[in-house]
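To be precise, the following lines are data_6.txt, and they hold compact mmCIF, C-alpha atoms.
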```
# COMPACT_ATOMS: atom_id res chain seq x y z
CA MET A 1 -16.42 31.75 -9.15
CA THR A 2 -16.41 34.56 -11.71
CA ASP A 3 -16.05 33.92 -15.42
CA GLY A 4 -12.58 35.48 -15.32
CA ALA A 5 -11.44 33.32 -12.42
CA ALA A 6 -12.86 30.21 -14.05
CA GLY A 7 -11.04 31.05 -17.24
CA SER A 8 -7.73 31.50 -15.40
CA LEU A 9 -8.21 28.18 -13.64
CA HIS A 10 -8.95 26.46 -16.97
CA VAL A 11 -5.82 27.92 -18.57
CA ALA A 12 -3.66 26.99 -15.54
CA ARG A 13 -4.91 23.41 -15.70
CA ARG A 14 -4.14 23.22 -19.41
CA LEU A 15 -0.65 24.60 -18.75
CA TRP A 16 -0.01 22.05 -16.01
CA CYS A 17 -1.20 19.14 -18.13
CA ALA A 18 1.11 20.26 -20.91
CA ILE A 19 4.25 20.22 -18.75
CA PRO A 20 4.83 16.44 -18.61
CA ALA A 21 4.46 16.19 -22.38
CA ALA A 22 6.95 18.97 -22.93
CA MET A 23 9.83 17.84 -20.74
CA PRO A 24 11.29 14.72 -19.12
CA ALA A 25 10.04 13.70 -15.70
CA GLY A 26 11.67 15.56 -12.84
CA CYS A 27 10.60 19.07 -12.07
CA VAL A 28 10.51 22.54 -13.58
CA VAL A 29 12.72 25.14 -11.96
CA GLN A 30 11.94 28.80 -12.45
CA ASN A 31 14.00 31.36 -10.53
CA SER A 32 15.34 28.57 -8.28
CA ARG A 33 11.85 27.45 -7.17
CA VAL A 34 10.21 24.17 -8.01
CA LEU A 35 6.91 24.81 -9.75
CA THR A 36 4.00 22.50 -9.03
CA TYR A 37 0.31 22.66 -9.94
CA SER A 38 -0.40 24.71 -6.83
CA HIS A 39 1.88 27.47 -8.14
CA CYS A 40 0.43 27.60 -11.67
CA LEU A 41 -2.37 30.09 -11.04
CA HIS A 42 -0.01 32.57 -9.42
CA HIS A 43 2.73 31.98 -11.95
CA LEU A 44 0.27 32.43 -14.82
CA ARG A 45 0.09 36.15 -14.03
CA LEU A 46 3.87 36.50 -13.85
CA SER A 47 5.24 34.72 -16.92
CA SER A 48 4.34 33.47 -20.35
CA CYS A 49 3.89 29.90 -21.49
CA ARG A 50 7.48 29.93 -22.74
CA ALA A 51 8.71 29.65 -19.13
CA PHE A 52 7.14 26.20 -18.95
CA THR A 53 8.15 24.90 -22.37
CA SER A 54 11.78 26.00 -22.48
CA HIS A 55 12.88 22.42 -21.73
CA ARG A 56 11.16 20.78 -24.73
CA PRO A 57 13.20 17.71 -25.76
CA ARG A 58 15.11 18.21 -28.97
CA THR A 59 15.85 14.61 -29.90
CA ALA A 60 13.83 11.44 -30.15
CA HIS A 61 15.49 9.67 -27.24
CA HIS A 62 14.06 12.24 -24.82
CA ALA A 63 10.49 11.52 -25.84
CA ARG A 64 9.90 8.70 -23.32
CA ARG A 65 8.86 10.03 -19.91
CA MET A 66 7.86 8.77 -16.54
CA PRO A 67 4.09 8.88 -16.05
CA PRO A 68 2.95 12.38 -15.03
CA GLN A 69 3.30 12.59 -11.26
CA ALA A 70 2.30 16.07 -10.22
CA PRO A 71 -1.48 15.64 -10.62
CA ALA A 72 -1.18 12.48 -8.51
CA ALA A 73 0.59 14.51 -5.85
CA SER A 74 -2.27 16.99 -5.79
CA ALA A 75 -4.76 14.16 -5.41
CA ALA A 76 -2.66 12.68 -2.63
CA LYS A 77 -2.87 15.94 -0.74
CA GLU A 78 -6.65 15.77 -0.78
CA ASP A 79 -6.84 12.07 0.09
CA GLY A 80 -4.06 12.04 2.67
CA ALA A 81 -4.53 15.27 4.61
CA LYS A 82 -4.44 13.81 8.11
CA PHE A 83 -3.24 16.83 10.02
CA PRO A 84 -4.27 20.50 10.11
CA SER A 85 -1.59 22.13 7.97
CA THR A 86 -0.74 25.75 8.61
CA ALA A 87 1.11 26.08 5.31
CA GLY A 88 0.20 29.19 3.38
CA GLN A 89 -2.55 30.21 5.81
CA GLY A 90 -0.68 33.04 7.51
CA SER A 91 -0.97 31.46 10.97
CA GLN A 92 2.05 30.72 13.14
CA PRO A 93 3.73 27.31 12.68
CA ARG A 94 2.66 24.86 15.36
CA ARG A 95 5.12 23.43 17.89
CA ALA A 96 4.22 19.78 18.38
CA SER A 97 2.53 19.03 21.70
CA GLU A 98 2.66 15.61 23.32
CA GLN A 99 -0.81 14.92 21.90
CA ASP A 100 0.35 15.99 18.44
CA LYS A 101 3.36 13.65 18.52
CA GLN A 102 1.22 10.77 19.71
CA ALA A 103 -1.36 11.37 16.96
CA LEU A 104 1.37 11.63 14.32
CA VAL A 105 2.98 8.32 15.26
CA GLU A 106 -0.38 6.56 15.43
CA LYS A 107 -1.68 7.79 12.07
CA VAL A 108 1.30 7.36 9.71
CA ASP A 109 2.89 4.10 8.64
CA ALA A 110 6.21 5.41 7.34
CA PHE A 111 8.72 8.17 8.04
CA ILE A 112 11.08 9.70 5.49
CA PHE A 113 14.04 11.29 7.24
CA ASP A 114 16.51 13.77 5.87
CA CYS A 115 19.98 12.85 7.16
CA ASP A 116 22.13 15.97 7.56
CA GLY A 117 20.72 17.99 10.44
CA VAL A 118 18.18 15.31 11.43
CA ILE A 119 20.16 12.10 12.00
CA TRP A 120 23.63 13.63 12.20
CA ARG A 121 25.53 16.92 11.90
CA GLY A 122 28.65 16.51 9.78
CA ASP A 123 30.17 13.34 11.22
CA SER A 124 28.50 13.59 14.64
CA LEU A 125 25.40 11.56 15.48
CA ILE A 126 22.62 13.55 17.19
CA ASP A 127 22.03 12.25 20.71
CA GLY A 128 18.94 10.07 21.10
CA VAL A 129 18.53 9.22 17.41
CA PRO A 130 19.31 5.47 17.73
CA GLU A 131 16.71 5.06 20.48
CA THR A 132 14.14 7.00 18.46
CA LEU A 133 14.63 4.84 15.37
CA ASP A 134 14.41 1.69 17.49
CA LEU A 135 11.14 2.92 19.00
CA LEU A 136 9.58 3.63 15.61
CA ARG A 137 10.65 0.23 14.27
CA SER A 138 9.15 -1.46 17.34
CA LEU A 139 5.86 0.27 16.47
CA GLY A 140 5.97 -1.22 12.97
CA LYS A 141 6.89 1.94 11.09
CA LYS A 142 8.79 1.84 7.79
CA LEU A 143 11.85 4.10 7.79
CA VAL A 144 13.45 5.68 4.73
CA PHE A 145 16.55 7.87 4.86
CA VAL A 146 16.84 10.50 2.16
CA THR A 147 19.72 12.85 1.49
CA ASN A 148 20.44 15.45 -1.16
CA ASN A 149 24.15 14.96 -0.61
CA SER A 150 25.44 13.21 -3.75
CA THR A 151 29.04 12.68 -2.66
CA LYS A 152 28.29 9.11 -1.56
CA SER A 153 26.38 6.24 -3.15
CA ARG A 154 23.86 4.21 -1.16
CA ALA A 155 26.67 1.78 -0.32
CA GLY A 156 28.80 4.70 0.86
CA TYR A 157 26.02 6.01 3.07
CA LEU A 158 25.41 2.55 4.50
CA SER A 159 29.03 2.54 5.66
CA LYS A 160 28.50 5.90 7.38
CA PHE A 161 25.34 4.67 9.11
CA LYS A 162 27.20 1.60 10.35
CA LYS A 163 30.15 3.66 11.64
CA LEU A 164 27.68 5.77 13.62
CA GLY A 165 26.21 2.63 15.15
CA LEU A 166 22.89 2.73 13.28
CA ASN A 167 21.31 -0.51 12.08
CA ILE A 168 20.15 0.47 8.58
CA THR A 169 19.88 -1.51 5.35
CA ALA A 170 21.01 -0.22 1.95
CA GLU A 171 17.42 -0.54 0.69
CA GLU A 172 16.29 2.04 3.26
CA ILE A 173 18.67 4.69 1.88
CA TYR A 174 17.79 7.03 -0.99
CA SER A 175 20.47 9.51 -2.03
CA SER A 176 20.42 12.14 -4.76
CA SER A 177 23.33 10.30 -6.39
CA TYR A 178 21.04 7.29 -6.81
CA ALA A 179 18.20 9.58 -7.97
CA ALA A 180 20.36 10.90 -10.82
CA ALA A 181 21.12 7.38 -12.06
CA ALA A 182 17.51 6.25 -11.57
CA TYR A 183 16.23 9.24 -13.55
CA LEU A 184 18.51 8.47 -16.52
CA GLU A 185 17.36 4.86 -16.41
CA SER A 186 13.71 5.96 -16.32
CA ILE A 187 14.03 7.89 -19.59
CA ASP A 188 15.91 5.07 -21.34
CA PHE A 189 19.10 7.09 -21.64
CA PRO A 190 20.69 5.82 -24.87
CA LYS A 191 23.44 3.22 -24.53
CA ASP A 192 25.57 5.05 -27.09
CA LYS A 193 25.49 8.29 -25.09
CA LYS A 194 27.65 9.36 -22.15
CA VAL A 195 27.22 11.48 -19.06
CA TYR A 196 29.61 14.29 -18.19
CA LEU A 197 29.83 14.38 -14.42
CA MET A 198 30.53 17.30 -12.15
CA GLY A 199 30.49 15.59 -8.79
CA ASP A 200 32.01 12.94 -6.59
CA VAL A 201 32.40 9.16 -6.49
CA GLY A 202 28.85 8.64 -5.19
CA ILE A 203 27.35 9.44 -8.59
CA GLU A 204 30.04 7.43 -10.39
CA GLU A 205 29.20 4.32 -8.33
CA GLU A 206 25.47 4.64 -8.98
CA LEU A 207 26.01 5.16 -12.73
CA ASP A 208 28.22 2.08 -12.79
CA LEU A 209 25.45 0.01 -11.20
CA LYS A 210 23.03 1.16 -13.94
CA GLY A 211 25.53 0.48 -16.72
CA ILE A 212 25.63 4.13 -17.81
CA LYS A 213 28.86 5.40 -19.39
CA TYR A 214 30.37 8.61 -18.04
CA LEU A 215 33.45 10.81 -18.00
CA GLY A 216 34.65 13.65 -15.79
CA GLY A 217 34.01 13.50 -12.07
CA PRO A 218 36.95 13.38 -9.63
CA GLY A 219 39.26 12.53 -12.53
CA ASP A 220 38.98 16.11 -13.80
CA ALA A 221 39.93 17.68 -10.47
CA ASP A 222 43.44 18.64 -11.58
CA HIS A 223 42.64 19.67 -15.15
CA LYS A 224 43.49 23.24 -16.06
CA VAL A 225 42.69 25.43 -19.04
CA GLU A 226 45.71 27.02 -20.70
CA LEU A 227 44.40 29.85 -22.83
CA LYS A 228 46.29 30.83 -25.97
CA ALA A 229 45.46 32.53 -29.23
CA GLY A 230 43.02 30.52 -31.36
CA TYR A 231 42.54 27.80 -28.76
CA ALA A 232 39.19 25.97 -28.75
CA MET A 233 38.71 23.50 -25.92
CA PRO A 234 37.59 20.08 -27.25
CA HIS A 235 34.69 18.10 -25.79
CA ASP A 236 33.03 14.74 -26.44
CA PRO A 237 30.12 15.07 -28.90
CA ASP A 238 28.60 11.83 -27.52
CA VAL A 239 27.80 13.39 -24.15
CA GLY A 240 24.00 13.32 -23.87
CA ALA A 241 23.65 14.58 -20.30
CA VAL A 242 25.55 16.69 -17.81
CA VAL A 243 24.94 15.73 -14.18
CA VAL A 244 25.90 18.33 -11.58
CA GLY A 245 26.34 17.15 -8.01
CA PHE A 246 28.27 18.58 -5.09
CA ASP A 247 31.89 18.98 -6.16
CA LYS A 248 34.43 20.39 -3.72
CA ASN A 249 37.02 20.28 -6.51
CA ILE A 250 35.05 22.34 -9.01
CA ASN A 251 37.29 24.22 -11.44
CA TYR A 252 37.10 26.26 -14.63
CA TYR A 253 37.86 23.22 -16.83
CA LYS A 254 34.79 21.38 -15.51
CA ILE A 255 32.57 24.44 -15.92
CA GLN A 256 33.69 25.01 -19.50
CA TYR A 257 33.37 21.31 -20.41
CA ALA A 258 29.82 21.14 -19.04
CA CYS A 259 28.95 24.41 -20.76
CA LEU A 260 30.19 23.14 -24.14
CA CYS A 261 28.27 19.87 -23.87
CA ILE A 262 24.97 21.55 -22.97
CA ARG A 263 25.29 24.34 -25.51
CA GLU A 264 26.75 22.44 -28.46
CA ASN A 265 25.60 18.80 -28.20
CA PRO A 266 22.05 18.53 -29.60
CA GLY A 267 19.56 17.46 -26.93
CA CYS A 268 22.12 17.31 -24.10
CA LEU A 269 20.30 17.25 -20.74
CA PHE A 270 21.26 19.43 -17.77
CA ILE A 271 20.53 17.47 -14.57
CA ALA A 272 21.10 18.66 -11.00
CA THR A 273 21.08 16.39 -7.98
CA ASN A 274 19.78 19.29 -5.87
CA LEU A 275 19.79 23.07 -5.46
CA ASP A 276 20.79 23.25 -1.77
CA ALA A 277 22.33 26.63 -0.95
CA VAL A 278 24.42 25.32 1.94
CA THR A 279 25.47 21.96 3.34
CA HIS A 280 27.04 20.52 6.51
CA LEU A 281 30.54 19.33 5.62
CA THR A 282 31.54 19.70 9.26
CA ASP A 283 29.59 20.36 12.44
CA ALA A 284 31.43 23.69 12.93
CA GLN A 285 29.77 25.78 10.21
CA GLU A 286 27.69 25.78 7.04
CA TRP A 287 29.42 25.39 3.69
CA ALA A 288 28.41 26.41 0.17
CA GLY A 289 26.16 23.70 -1.27
CA ASN A 290 25.41 22.26 -4.68
CA GLY A 291 23.35 25.32 -5.58
CA ALA A 292 26.69 27.09 -6.13
CA MET A 293 27.84 24.46 -8.66
CA VAL A 294 24.48 24.37 -10.44
CA GLY A 295 24.41 28.17 -10.52
CA ALA A 296 27.71 28.28 -12.38
CA ILE A 297 26.39 26.02 -15.16
CA LYS A 298 23.02 27.75 -15.28
CA GLY A 299 24.78 31.09 -15.60
CA CYS A 300 26.89 30.13 -18.61
CA THR A 301 24.26 28.06 -20.45
CA LYS A 302 21.21 30.19 -19.59
CA LYS A 303 19.29 26.95 -19.02
CA ASP A 304 17.43 25.63 -15.99
CA PRO A 305 18.27 22.14 -14.76
CA ILE A 306 16.10 19.09 -14.31
CA VAL A 307 16.28 18.53 -10.55
CA VAL A 308 16.06 14.94 -9.30
CA GLY A 309 16.67 15.43 -5.55
CA LYS A 310 14.45 17.10 -2.96
CA PRO A 311 12.04 18.77 -3.43
CA ALA A 312 11.58 17.26 -6.92
CA GLU A 313 8.54 15.10 -7.59
CA PHE A 314 10.67 12.43 -9.29
CA MET A 315 12.43 11.47 -6.07
CA LEU A 316 9.21 11.08 -4.08
CA ALA A 317 7.45 9.10 -6.81
CA ASN A 318 10.43 6.77 -7.08
CA ILE A 319 10.57 6.27 -3.30
CA ALA A 320 6.84 5.59 -2.97
CA ASP A 321 6.99 3.05 -5.78
CA ALA A 322 10.14 1.33 -4.49
CA PHE A 323 8.81 0.98 -0.93
CA GLY A 324 5.17 0.34 -1.84
CA LEU A 325 3.91 3.37 0.06
CA GLU A 326 0.87 5.59 -0.37
CA ARG A 327 1.57 9.25 0.24
CA LYS A 328 -1.11 9.54 2.90
CA GLN A 329 0.88 6.99 4.92
CA ILE A 330 4.08 9.05 5.02
CA CYS A 331 5.50 11.80 7.22
CA MET A 332 8.52 13.78 6.00
CA VAL A 333 10.92 14.87 8.75
CA GLY A 334 13.59 17.40 7.83
CA ASP A 335 15.54 20.48 8.87
CA ARG A 336 15.12 22.59 5.72
CA LEU A 337 12.00 24.48 4.76
CA ASP A 338 12.82 24.96 1.07
CA THR A 339 13.70 21.33 0.38
CA ASP A 340 12.49 18.90 3.06
CA ILE A 341 9.21 20.54 4.04
CA LEU A 342 8.40 21.74 0.52
CA PHE A 343 9.20 18.20 -0.71
CA GLY A 344 6.62 16.82 1.71
CA GLN A 345 3.97 19.46 1.09
CA ASP A 346 4.18 19.30 -2.69
CA GLY A 347 3.96 15.51 -2.49
CA GLY A 348 0.93 15.39 -0.18
CA LEU A 349 2.82 14.12 2.88
CA SER A 350 2.54 15.08 6.52
CA THR A 351 5.52 17.21 7.55
CA MET A 352 7.55 17.87 10.66
CA LEU A 353 10.48 20.30 10.89
CA VAL A 354 13.28 19.74 13.40
CA LEU A 355 15.41 22.65 14.61
CA SER A 356 18.59 20.57 14.93
CA GLY A 357 19.92 21.54 11.49
CA VAL A 358 19.77 24.47 9.08
CA THR A 359 16.49 26.19 10.01
CA THR A 360 16.27 28.21 13.23
CA GLU A 361 13.03 28.91 15.10
CA LYS A 362 13.48 32.61 14.31
CA GLU A 363 13.58 31.86 10.58
CA LEU A 364 10.59 29.52 10.84
CA LEU A 365 8.46 32.07 12.70
CA SER A 366 9.52 35.03 10.55
CA PRO A 367 6.65 36.78 8.72
CA ASP A 368 8.73 36.42 5.56
CA ASN A 369 8.60 32.63 5.73
CA LYS A 370 5.66 31.16 3.81
CA VAL A 371 6.54 27.46 4.15
CA HIS A 372 4.94 26.10 7.32
CA PRO A 373 5.25 22.45 8.37
CA ASP A 374 2.35 20.66 10.02
CA TYR A 375 4.44 20.54 13.19
CA TYR A 376 7.90 21.48 14.38
CA THR A 377 10.04 20.35 17.30
CA ASP A 378 13.60 20.77 18.56
CA SER A 379 15.00 17.43 17.36
CA LEU A 380 13.94 13.96 16.25
CA PRO A 381 14.46 12.37 19.72
CA ASP A 382 11.55 14.49 20.97
CA LEU A 383 9.41 11.64 19.63
CA LEU A 384 10.77 9.43 22.41
CA SER A 385 8.10 10.83 24.71
CA VAL A 386 5.61 8.76 22.69
CA LYS A 387 7.13 5.67 24.29
CA GLN A 388 5.70 6.60 27.68
CA ALA A 389 2.20 6.89 26.22
CA VAL A 390 2.58 3.52 24.45
CA SER A 391 3.78 1.85 27.64
CA ALA A 392 1.01 3.34 29.78
```
Kindly present the structure from the file in structure tokens form.
Amino acid sequence: MTDGAAGSLHVARRLWCAIPAAMPAGCVVQNSRVLTYSHCLHHLRLSSCRAFTSHRPRTAHHARRMPPQAPAASAAKEDGAKFPSTAGQGSQPRRASEQDKQALVEKVDAFIFDCDGVIWRGDSLIDGVPETLDLLRSLGKKLVFVTNNSTKSRAGYLSKFKKLGLNITAEEIYSSSYAAAAYLESIDFPKDKKVYLMGDVGIEEELDLKGIKYLGGPGDADHKVELKAGYAMPHDPDVGAVVVGFDKNINYYKIQYACLCIRENPGCLFIATNLDAVTHLTDAQEWAGNGAMVGAIKGCTKKDPIVVGKPAEFMLANIADAFGLERKQICMVGDRLDTDILFGQDGGLSTMLVLSGVTTEKELLSPDNKVHPDYYTDSLPDLLSVKQAVSA
């Protein structure tokens, strides 16, 4: 290594180590991309240190943080690399062979599944999923179901699983609505502060369970702004965080209220459940996702959010701790490259992409795509072929 390269590496490491001390746990978003240690060297040439320190807490109650997680994720990648990853190497993504699927099931102890596009599409269960989950359970695998959709709480998602005929427990479900509440709890969000919510009942229910006060949410769906000369819209000065989740009833009142809280309340946090561009509200088409809501608030405040859903490090660290899992034991299965697969790769997990949701094979194999899973397959029930090998 040349002196210049060594110097750049030293500076990048110092920058990375400074990030946890300069902002609450979660992740740094720059130009809609989650920055991890692996991006620091490249990003060092593109931006100044101010890009990393723009989220410095401004009040004392933001000083407590979760333990730094990103260096642990890097170490997990080295310790837990069980499969030959093609990510970032320029080679074509690898379609899972029967031998690959068998090796995957034998070597990992837990599977984290995205829900939309993996388990179901809209309100329709994907054929073969129940049998696949039963097979994995019979082999002693731990199953965790993760979704960036914040419209439901864990209890709400449990009801959906049950209606679809899936035998899942609430403890196996991890939603971004829960992640938002868990994040606020992790930083000791002050009892005298409130959350302004752009989102649905899922986040409200999770905040209630944590004893966190809030306002907004579905209750502001019908509020309108009537502009007149000299009018200044009032807002609550005790709001210490704005949480933005998917909100199909977003309106100008909510945008302005969130904007005022973030811009005028000292130290007010801007938290996003996720940055998904599109979502599956029905199985007929894709619909604008929470990235649209977050983009509106980012545009008027000129601030980047703290993201708690996939692919943020906070969500993975919280899952691993809650379920007692080591990262080398886990395989992430999802249908999105920029959230599910990046979530797994940045966290040191094995990854498998399914083509039953958002990502098409054409998009995966495109030369423009730089996020390559360890394996890909058509749908989750493709793992059922492992049963024959186990029975043989």
- Around (4.1, 11.6, 16.1) in the file's frame, which residues reach within 10 Å when counting all atoms listed in the file? Return as an NGL selection string? :A and (96-108 or 111 or 136 or 331 or 352 or 375 or 382-386)
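Shortest separation to Asp114 in chain A among A:Pro373, A:Gly334, A:Pro218, A:Gly344 occurs at residue A:Gly334, atoms counted being all atoms listed in the file.
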- Item | Selection: 12 Å around Gln92 in chain A, all atoms listed in the file, excl. self and same-chain fewer than 5 positions, as a count of residues only | 19
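Across the structure, CA of Ala179 in chain A and CA of Lys141 in chain A are spaced 23.4 Å apart.
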- Residue nearest Phe323 in chain A among A:Val358, A:Lys160, A:Glu286, A:Tyr174 (counting all atoms listed in the file): A:Tyr174
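Reported to one decimal place, the separation of CA of Leu269 in chain A from CA of Val243 in chain A is 8.2 Å.
CA of Asp127 in chain A sits 16.7 Å away from CA of Ala284 in chain A.
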- Query: Using only C-alpha atoms, which residue out of A:Ala182, A:Leu197, A:Ala110, A:Leu275 lies closest to Leu143 in chain A?
  - Reply: A:Ala110
- Item | 9 Å contact set for Met315 in chain A, only C-alpha atoms, chain neighbours under 4 positions out, as a PyMOL selection string | chain A and resi 26+174+176+179+183+308-311+319-320
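Look at range 277-279 of chain A: the protein and nucleic acid residues within 8 Å of it, using all atoms listed in the file and passing over chain neighbours fewer than 6 places away, are Glu286, Trp287, Ala288, Gly289, Asn290, Gly291 and Ala292 of chain A.
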Any chance you can output those residues with C-alpha atoms as an mmCIF file, in the frame of the given file?
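And here is the file that came out, selection_4.cif:
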```cif
data_model
loop_
_atom_site.group_PDB
_atom_site.id
_atom_site.type_symbol
_atom_site.label_atom_id
_atom_site.label_comp_id
_atom_site.auth_asym_id
_atom_site.auth_seq_id
_atom_site.Cartn_x
_atom_site.Cartn_y
_atom_site.Cartn_z
ATOM 1 C CA GLU A 286 27.690 25.780 7.040
ATOM 2 C CA TRP A 287 29.420 25.390 3.690
ATOM 3 C CA ALA A 288 28.410 26.410 0.170
ATOM 4 C CA GLY A 289 26.160 23.700 -1.270
ATOM 5 C CA ASN A 290 25.410 22.260 -4.680
ATOM 6 C CA GLY A 291 23.350 25.320 -5.580
ATOM 7 C CA ALA A 292 26.690 27.090 -6.130
#
```
Extract, using only C-alpha atoms, all DNA, RNA and protein residues at most 9 Å from Gly216 in chain A, discarding same-chain residues fewer than 2 positions from it, and format them as a PDB file with C-alpha atoms, keeping the file's coordinate frame.
```pdb
ATOM      1  CA  VAL A 195      27.220  11.480 -19.060  1.00  0.00           C
ATOM      2  CA  TYR A 196      29.610  14.290 -18.190  1.00  0.00           C
ATOM      3  CA  LEU A 197      29.830  14.380 -14.420  1.00  0.00           C
ATOM      4  CA  MET A 198      30.530  17.300 -12.150  1.00  0.00           C
ATOM      5  CA  GLY A 199      30.490  15.590  -8.790  1.00  0.00           C
ATOM      6  CA  TYR A 214      30.370   8.610 -18.040  1.00  0.00           C
ATOM      7  CA  PRO A 218      36.950  13.380  -9.630  1.00  0.00           C
ATOM      8  CA  GLY A 219      39.260  12.530 -12.530  1.00  0.00           C
ATOM      9  CA  ASP A 220      38.980  16.110 -13.800  1.00  0.00           C
ATOM     10  CA  ALA A 221      39.930  17.680 -10.470  1.00  0.00           C
ATOM     11  CA  LYS A 254      34.790  21.380 -15.510  1.00  0.00           C
TER      12      LYS A 254
END
```
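If you measure from each of A:Asn318, A:Ser124, A:Asn251, A:Asn265 to Ala180 in chain A using only C-alpha atoms, the closest one turns out to be A:Asn318.
All residues of protein, DNA or RNA that reach within 9 Å of Leu166 in chain A, judged by all atoms listed in the file and not counting those fewer than 2 positions away in the chain, are A:Val129, A:Pro130, A:Leu133, A:Lys160, A:Phe161, A:Lys162, A:Lys163, A:Leu164, A:Ile168.
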Selected residues written out, C-alpha atoms, as an mmCIF file, keeping the file's coordinate frame:
```cif
data_model
loop_
_atom_site.group_PDB
_atom_site.id
_atom_site.type_symbol
_atom_site.label_atom_id
_atom_site.label_comp_id
_atom_site.auth_asym_id
_atom_site.auth_seq_id
_atom_site.Cartn_x
_atom_site.Cartn_y
_atom_site.Cartn_z
ATOM 1 C CA VAL A 129 18.530 9.220 17.410
ATOM 2 C CA PRO A 130 19.310 5.470 17.730
ATOM 3 C CA LEU A 133 14.630 4.840 15.370
ATOM 4 C CA LYS A 160 28.500 5.900 7.380
ATOM 5 C CA PHE A 161 25.340 4.670 9.110
ATOM 6 C CA LYS A 162 27.200 1.600 10.350
ATOM 7 C CA LYS A 163 30.150 3.660 11.640
ATOM 8 C CA LEU A 164 27.680 5.770 13.620
ATOM 9 C CA ILE A 168 20.150 0.470 8.580
#
```
- Which is closest to Ile297 in chain A among A:Ala241, A:Leu125, A:Ile173, A:Cys259, if we use all atoms listed in the file? A:Cys259
- So which residues fall inside 12 Å of (23.0, 3.6, -18.7) if we count only C-alpha atoms? Mind giving them as a ChimeraX atom specification? /A:180-195,204,206-214,240-241
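Comparing the minimum interatomic distances between Arg336 in chain A and each of A:Gly165, A:Gly245, A:Gly230, A:Gly357, counting only C-alpha atoms, we find that A:Gly357 sits nearest.
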Where is the centre and how long are the edges: axis-aligned box on range 264-278 of chain A, 5 Å on each side, Å to one decimal, as JSON:
```
{"center_x": 23.2, "center_y": 21.5, "center_z": -13.8, "size_x": 17.2, "size_y": 20.2, "size_z": 41.5}
```
